[in-house]
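Peer 1: The structure's right below; bear with me while I get my questions together.
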Amino acid sequence: MKYLELTVGAVLVYNFVLSRFLGICPFLGVSKRLSTAMGMSGAVIFVMTLASFITTLLYRNVLQFSFGGEKIDLIFLQVLVFILVIAALVQLIEIMLQKLSPVLYQALGIYLPLITTNCAVLGAATISANNGYTVMESTVFGFFSGVGFALALLLFASLRERLELATPPEAFKGTPIALVTAGILAMAFVGFSGLC
Amino acid sequence: MNTVVLIAVVLMAVLGLALGVVIGWFAKLFRVETDSRVELVTELLPGANCGGCGKAGCSDFAKSVVAGENPPSKCPVSSSEQISAIAMALGIDAGESFQQRAVVCCGGDMEQTKRLLNYNGVLDCVSASLVAGGPKGCSYGCLGMGTCAHHCPFGAIEMINNLAVVHRELCVGCGNCVAACPRGVIKLVPADADVHIYCNSPAKGAAKKQVCNVPCIGCRKCAKFAPDKFTVNGFLAAVNYQAEAFPTAEDVSAVGCPTGALLTVEEHLKIEQNEPEWSAGKK
């Protein structure tokens, strides 16, 4: 039951973009074309899974431990440590990609460094920590949160490609109509609430 | 309390150090070998990123030069010394250099061309040509809104009295203005050609005369004087840029163009300023 919440819940009910409103910047910035949205989605899923795994590992073993019978609580360092780890992780992935897959590196381009400051990644880590997920649960949660982000991004990118051809009023062209569309999409996702 | 602070500081220091070491180690492990010659050539190139070579920018061009796809002389901006320096650095042939310059084939500024309407739209040639054809009477000449001047990465085009004028000493012949002009008034010509026909209108002579003081009316005076240097196509003469020798300033005075469409580059610069001796001489 717990894993149902972690999987279906993360993808549909508590979708990061459309229900929790995290990661809105890439949601609007990278959704102009479906192909770039796919690249970004892949990168986010990858980083989110890895980041959730490592941050929970750190959270459970390094930020809380017993030291000579005394319980040391370093939870107040949570955000600092998480950001540091995520930034370093993205940097490592970037270095590896440049060598191992230059094509993917070129395709991801600026989006990979952008993930460093993507609040959805930090959000997944923080939510895992606050809910007291185990390392395994957190990794599953991270992966499916990424899938949820990808779903929202791909849906929105497809919608926007159609929007390009539509003729909204002059003042609504571009970002305004995109934001209206995002709002309607978010409302549609409210329909999933109560599923689990 | 003090232990917690101490542990927090030590933890962050250790974490930062460990991540730094790991990143450094990874960077070394996964280092991508870049061709140092590309950097060298990029440094030797002008760095204007004008796109005149057909590549996305100077570093892209450098890559193609190193790869042997393009000769260094494909760069329109570099002087022959710079190009030979690149060729020397790479030990390759510099390739045949062909320097070009842009020329605005129109002499109709606001004084010389009839004003057809008051244009109050966006100050951009493309907009003007779409909306109402711009303020000037001639629908083939320079629109005078300066779109080419905005597109010139070298600041070689000056707008004088609503007419684009190319300063030859600044122009490198990258062709950005040619692509920007909606009327196709600007042409790339060999760099050593000094004399041009400053008219672009294929309309009949009488029709041109109604809207402009300085059109080419197709009288063939220049072509009769030097058939190898000038060609006349319909009602528009042109300098034969394929010819062995280009017309000179002496030729211009010898021909005595009745309308003043045949000018040297220097004279074209002056016509814009409405120099009194020109007006007196021709009118």
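The chains in the structure tokens are called A, B, ... from first to last as shown; in each chain the residues are counted from 1, and the ligands are counted from 1 in the order shown.
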Determine which residues of chain B sit within 9 Å of chain A, taking into account only C-alpha atoms, and present them as an mmCIF file with all heavy atoms, in the first residue's frame.
Peer 2:
```
data_model
loop_
_atom_site.group_PDB
_atom_site.id
_atom_site.type_symbol
_atom_site.label_atom_id
_atom_site.label_comp_id
_atom_site.auth_asym_id
_atom_site.auth_seq_id
_atom_site.Cartn_x
_atom_site.Cartn_y
_atom_site.Cartn_z
ATOM 1 N N THR B 3 29.453 21.048 20.838
ATOM 2 C CA THR B 3 29.812 19.877 20.036
ATOM 3 C C THR B 3 29.022 19.853 18.749
ATOM 4 O O THR B 3 29.550 19.551 17.690
ATOM 5 C CB THR B 3 29.526 18.564 20.807
ATOM 6 O OG1 THR B 3 28.592 18.845 21.833
ATOM 7 C CG2 THR B 3 30.778 17.923 21.332
ATOM 8 N N VAL B 4 27.747 20.197 18.841
ATOM 9 C CA VAL B 4 26.898 20.169 17.635
ATOM 10 C C VAL B 4 27.422 21.145 16.602
ATOM 11 O O VAL B 4 27.562 20.827 15.417
ATOM 12 C CB VAL B 4 25.439 20.483 18.017
ATOM 13 C CG1 VAL B 4 24.610 20.653 16.751
ATOM 14 C CG2 VAL B 4 24.862 19.394 18.883
ATOM 15 N N ILE B 7 30.618 19.769 15.184
ATOM 16 C CA ILE B 7 30.363 18.650 14.268
ATOM 17 C C ILE B 7 29.765 19.158 12.959
ATOM 18 O O ILE B 7 30.141 18.712 11.863
ATOM 19 C CB ILE B 7 29.431 17.609 14.932
ATOM 20 C CG1 ILE B 7 30.186 16.890 16.034
ATOM 21 C CG2 ILE B 7 28.928 16.592 13.913
ATOM 22 C CD1 ILE B 7 29.342 15.951 16.846
ATOM 23 N N ALA B 8 28.854 20.141 13.060
ATOM 24 C CA ALA B 8 28.235 20.697 11.853
ATOM 25 C C ALA B 8 29.289 21.298 10.943
ATOM 26 O O ALA B 8 29.309 21.051 9.730
ATOM 27 C CB ALA B 8 27.196 21.747 12.237
ATOM 28 N N LEU B 11 31.464 18.552 9.533
ATOM 29 C CA LEU B 11 30.710 17.767 8.553
ATOM 30 C C LEU B 11 30.645 18.483 7.214
ATOM 31 O O LEU B 11 30.925 17.897 6.161
ATOM 32 C CB LEU B 11 29.295 17.501 9.081
ATOM 33 C CG LEU B 11 28.389 16.763 8.104
ATOM 34 C CD1 LEU B 11 28.789 15.300 8.012
ATOM 35 C CD2 LEU B 11 26.940 16.891 8.495
ATOM 36 N N MET B 12 30.286 19.776 7.261
ATOM 37 C CA MET B 12 30.162 20.525 6.007
ATOM 38 C C MET B 12 31.508 20.617 5.316
ATOM 39 O O MET B 12 31.602 20.498 4.087
ATOM 40 C CB MET B 12 29.601 21.932 6.268
ATOM 41 C CG MET B 12 28.142 21.976 6.640
ATOM 42 S SD MET B 12 27.081 20.974 5.605
ATOM 43 C CE MET B 12 27.106 21.897 4.090
ATOM 44 N N LEU B 15 32.298 17.223 3.866
ATOM 45 C CA LEU B 15 31.406 16.960 2.728
ATOM 46 C C LEU B 15 31.850 17.759 1.507
ATOM 47 O O LEU B 15 31.961 17.227 0.392
ATOM 48 C CB LEU B 15 29.972 17.318 3.113
ATOM 49 C CG LEU B 15 28.864 16.706 2.267
ATOM 50 C CD1 LEU B 15 28.884 15.196 2.361
ATOM 51 C CD2 LEU B 15 27.516 17.250 2.700
ATOM 52 N N GLY B 16 32.109 19.038 1.731
ATOM 53 C CA GLY B 16 32.542 19.902 0.624
ATOM 54 C C GLY B 16 33.843 19.403 0.026
ATOM 55 O O GLY B 16 33.994 19.310 -1.195
ATOM 56 N N LEU B 19 33.288 16.063 -1.875
ATOM 57 C CA LEU B 19 32.625 16.263 -3.171
ATOM 58 C C LEU B 19 33.575 16.935 -4.149
ATOM 59 O O LEU B 19 33.618 16.585 -5.330
ATOM 60 C CB LEU B 19 31.358 17.101 -2.989
ATOM 61 C CG LEU B 19 30.198 16.371 -2.316
ATOM 62 C CD1 LEU B 19 29.065 17.332 -2.024
ATOM 63 C CD2 LEU B 19 29.703 15.234 -3.196
ATOM 64 N N GLY B 20 34.353 17.892 -3.644
ATOM 65 C CA GLY B 20 35.318 18.572 -4.500
ATOM 66 C C GLY B 20 36.331 17.599 -5.068
ATOM 67 O O GLY B 20 36.633 17.618 -6.270
ATOM 68 N N VAL B 22 35.989 14.375 -5.395
ATOM 69 C CA VAL B 22 35.338 13.442 -6.329
ATOM 70 C C VAL B 22 35.134 14.107 -7.686
ATOM 71 O O VAL B 22 35.418 13.511 -8.740
ATOM 72 C CB VAL B 22 33.988 12.962 -5.747
ATOM 73 C CG1 VAL B 22 33.199 12.208 -6.812
ATOM 74 C CG2 VAL B 22 34.224 12.077 -4.536
ATOM 75 N N ILE B 23 34.679 15.372 -7.663
ATOM 76 C CA ILE B 23 34.451 16.067 -8.934
ATOM 77 C C ILE B 23 35.768 16.241 -9.680
ATOM 78 O O ILE B 23 35.863 16.006 -10.886
ATOM 79 C CB ILE B 23 33.765 17.431 -8.696
ATOM 80 C CG1 ILE B 23 32.313 17.221 -8.282
ATOM 81 C CG2 ILE B 23 33.813 18.280 -9.958
ATOM 82 C CD1 ILE B 23 31.581 18.495 -7.979
ATOM 83 N N PHE B 26 36.778 12.948 -11.119
ATOM 84 C CA PHE B 26 35.928 12.629 -12.265
ATOM 85 C C PHE B 26 36.328 13.460 -13.481
ATOM 86 O O PHE B 26 36.383 12.951 -14.592
ATOM 87 C CB PHE B 26 34.458 12.904 -11.919
ATOM 88 C CG PHE B 26 33.687 11.660 -11.636
ATOM 89 C CD1 PHE B 26 33.953 10.902 -10.513
ATOM 90 C CD2 PHE B 26 32.678 11.237 -12.498
ATOM 91 C CE1 PHE B 26 33.242 9.762 -10.249
ATOM 92 C CE2 PHE B 26 31.970 10.088 -12.238
ATOM 93 C CZ PHE B 26 32.251 9.342 -11.111
ATOM 94 N N ALA B 27 36.585 14.752 -13.237
ATOM 95 C CA ALA B 27 36.936 15.630 -14.351
ATOM 96 C C ALA B 27 38.202 15.126 -15.023
ATOM 97 O O ALA B 27 38.359 15.231 -16.239
ATOM 98 C CB ALA B 27 37.115 17.060 -13.852
ATOM 99 N N LEU B 29 39.264 11.942 -14.915
ATOM 100 C CA LEU B 29 38.982 10.622 -15.467
ATOM 101 C C LEU B 29 38.238 10.731 -16.794
ATOM 102 O O LEU B 29 38.508 10.002 -17.744
ATOM 103 C CB LEU B 29 38.143 9.832 -14.462
ATOM 104 C CG LEU B 29 38.067 8.324 -14.654
ATOM 105 C CD1 LEU B 29 39.422 7.694 -14.391
ATOM 106 C CD2 LEU B 29 37.026 7.726 -13.727
ATOM 107 N N PHE B 30 37.305 11.673 -16.844
ATOM 108 C CA PHE B 30 36.442 11.785 -18.025
ATOM 109 C C PHE B 30 36.816 12.985 -18.875
ATOM 110 O O PHE B 30 35.978 13.579 -19.515
ATOM 111 C CB PHE B 30 34.969 11.887 -17.613
ATOM 112 C CG PHE B 30 34.419 10.605 -17.073
ATOM 113 C CD1 PHE B 30 34.334 10.394 -15.718
ATOM 114 C CD2 PHE B 30 34.004 9.600 -17.930
ATOM 115 C CE1 PHE B 30 33.830 9.218 -15.214
ATOM 116 C CE2 PHE B 30 33.502 8.411 -17.434
ATOM 117 C CZ PHE B 30 33.416 8.214 -16.075
ATOM 118 N N ARG B 31 38.086 13.370 -18.825
ATOM 119 C CA ARG B 31 38.489 14.558 -19.560
ATOM 120 C C ARG B 31 38.277 14.338 -21.066
ATOM 121 O O ARG B 31 38.632 13.287 -21.603
ATOM 122 C CB ARG B 31 39.945 14.878 -19.305
ATOM 123 C CG ARG B 31 40.294 16.327 -19.463
ATOM 124 C CD ARG B 31 41.573 16.620 -18.735
ATOM 125 N NE ARG B 31 42.694 16.003 -19.435
ATOM 126 C CZ ARG B 31 43.357 16.594 -20.406
ATOM 127 N NH1 ARG B 31 43.017 17.814 -20.779
ATOM 128 N NH2 ARG B 31 44.356 16.000 -21.000
ATOM 129 N N VAL B 32 37.710 15.360 -21.713
ATOM 130 C CA VAL B 32 37.496 15.278 -23.153
ATOM 131 C C VAL B 32 38.651 15.999 -23.830
ATOM 132 O O VAL B 32 38.909 17.166 -23.563
ATOM 133 C CB VAL B 32 36.154 15.919 -23.553
ATOM 134 C CG1 VAL B 32 35.976 15.854 -25.054
ATOM 135 C CG2 VAL B 32 35.018 15.215 -22.849
#
```
Peer 1: Might you pull out every residue within 9 Å of Ile83 of chain A, with only C-alpha atoms counted and same-chain residues fewer than 5 positions away left off, and present them as number ranges by chain?
Peer 2: A: 78, 88, 116-117, 122
Peer 1: Between atom CA of Pro182 of chain B and atom CA of Ala223 of chain B, what is the spacing in Å?
Peer 2: 29.2 Å
Peer 1: What's the 7 Å shell around Leu154 of chain A, counting only C-alpha atoms, without same-chain residues fewer than 4 positions away, as a ChimeraX atom specification?
Peer 2: /A:34,37-38,150,158
Peer 1: Considering only C-alpha atoms, return as a list in words whatever protein or nucleic-acid residues lie within 6 Å of segment 68-79 of chain B, sequence-local ones (same chain, fewer than 2 positions apart) excluded.
Peer 2: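 These residues fall inside the cut-off: Cys53, Ser64, Val65, Val66, Glu81, Gln82, Ile83, Ala94, Gly95, Ser97, Val172 and Cys174 of chain B.
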